[in-house]
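Peer 1: Quick one: structure below, then a few questions.
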Amino acid sequence: MKIVSGYLKERIWFLLLLAVCIAMFAFVLFLYELPVEAAGYGGLLCAAALGVWTCVDFIRYRRKIRFLESLLGHASLLLDQLPEAVGPKETVYHALLQELDRERRDVTSASDAWRRETTDYYTLWVHQIKTPIAAMRLILQDDDSERGRELSAELFRVERYVELALSYLRLGSTSTDYMIQKYSLDGILRKAVRRYAPLFIRGKVSLDLRETGMTVLTDEKWLQLVVEQVLSNAVKYAPGGHVTIYAEMDFLLIQDDGVGIAREDLPRIFERGFTGYNGRVDKRSTGIGLYLCRQICQKLGHTITADSELGKGTRISIGLARPYLEVE
């Protein structure tokens with residue numbers, strides 16, 4: 001019905017003009033006092049010809065509309081597959097589309113070039129900043145004073161932010177080095193916990209790491225990054241509290257008894273840049289960490305969700321059952 005109504009809207013004046021012409025033809029025959037049968041027969045022949053032409057024209061119109069609809073979603077192939085222009089109006093439309101396509105390509109090309117340059121610059125910056133960080137780490141490794149330990153903790157946070165920036169850049173790259181294999185989940189967890197041990201000690205956060213006995217199909221480096229980010233949030237928002245890491249079925253659960261997340265913020269905590277109530281309290285929050293976690297999990301075929309209550313803590317659940325991933 002939609003195609004029929006569209007056809008009638010486009011052809012209505014032409015069809016009305018033909019109908020008027022047929023009526024005038026029949027009226028002239030009537031004025032010349034020709035037999036009614038002759039006038040009626042002539043009008044009937046004209047109406048039949050009009051009907052046949054309308055049917056043929058409608059079939060061609062419907063075929064063209066359906067072909068154009070089939071091109072939707074394939075904008076890059078649109079100009080190459082458009083039907084041949086019929087008449088000067090469609091020719092002008094084709095020319096306009098070609099001009100718009102050239103402008104789109106120019107804008108896309110400039111945007112891609114800018115994005116590559118920006119990515120290359122920040123990637124270079126991240127790698128260069130690692131050198132002074134490593135130098136500061138060497139300077140502080142023999143300083144066992146309270147001030148030295150405090151500086152080491154802050155330096156660890158700087159390293160973490162640098163790694164997050166590099167991971168953010170790599171995540172948008174088409175050449176991200178995923179290595180999907182079977183790994184021991186306990187091994188990944190121990191590496192993440194060992195790395196964050198100084199912050200747990202300094203924040204007086206107790207840890208209950210329970211053996212999972214699970215073997216997961218994943219990328220070790222990227223899954224460890226997700227675990228580390230969740231642990232970072234737990235240490236930050238549960239000072240002096242308790243963190244438990246355990247598994248249930250095919251889910252890895254990381255639970256803390258910290259400040260929790262407001263119920264109205266829960267649906268949006270994985271959005272880029274969203275900080276919510278806790279972000280307004282802690283001005284250092286960027287809203288990037290959990291966004292990266294979700295993006296990484298999606299690329300690995302995992303899931304990540306959060307369950308929390310303000311003032312009572314947060315539980316992050318990472319779903320690891322993805323049998324369709326292929327082992328390299």
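Letters for chains follow the order of the structure tokens (A, B, ...), residue numbers begin at 1 for each chain, and ligand numbers begin at 1 in the order shown.
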DSSP on the backbone: which residues in segment 83-230 of chain A end up as strand (DSSP E)? Give the answer as a PyMOL selection string.
Peer 2: chain A and resi 181-184+206-209+215-218
Peer 1: Quick one: residues within 9 Å of segment 51-60 of chain A, only C-alpha atoms counted, chain neighbours fewer than 5 positions away excluded, as JSON, numbers by chain?
Peer 2: {"A": [4, 7, 15, 46, 65]}
Peer 1: Which residues are near Gly258 of chain A? Cut-off 9 Å, only C-alpha atoms, ignore same chain within fewer than 4 positions. Put them as a count of residues only.
Peer 2: 15
Peer 1: Go through A:Ile133, A:Leu171, A:Ala197, A:Leu320 one by one, measure the shortest atom-to-atom distance of each to Asp250 of chain A using only C-alpha atoms, and give the residue with the smallest value.
Peer 2: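 Checking each candidate against Asp250 of chain A, we get A:Leu320 as the closest.
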Peer 1: Pick out the closest residue to Ser232 of chain A from this set: A:Ile3, A:Leu199, A:Ile269, A:Leu169. Count only C-alpha atoms.
Peer 2: A:Leu199
Peer 1: Out of segment 122-274 of chain A, which residues get alpha helix (DSSP H) from DSSP, as JSON, numbers by chain?
Peer 2: {"A": [122, 123, 124, 125, 126, 127, 128, 129, 130, 131, 132, 133, 134, 135, 136, 137, 138, 139, 140, 146, 147, 148, 149, 150, 151, 152, 153, 154, 155, 156, 157, 158, 159, 160, 161, 162, 163, 164, 165, 166, 167, 168, 169, 170, 171, 185, 186, 187, 188, 189, 190, 191, 192, 193, 194, 195, 196, 197, 198, 199, 200, 201, 202, 220, 221, 222, 223, 224, 225, 226, 227, 228, 229, 230, 231, 232, 233, 234, 235, 236, 237]}
Peer 1: Separation of atom CA of Gln255 of chain A and atom CA of Ser167 of chain A, in Å?
Peer 2: 24.3 Å
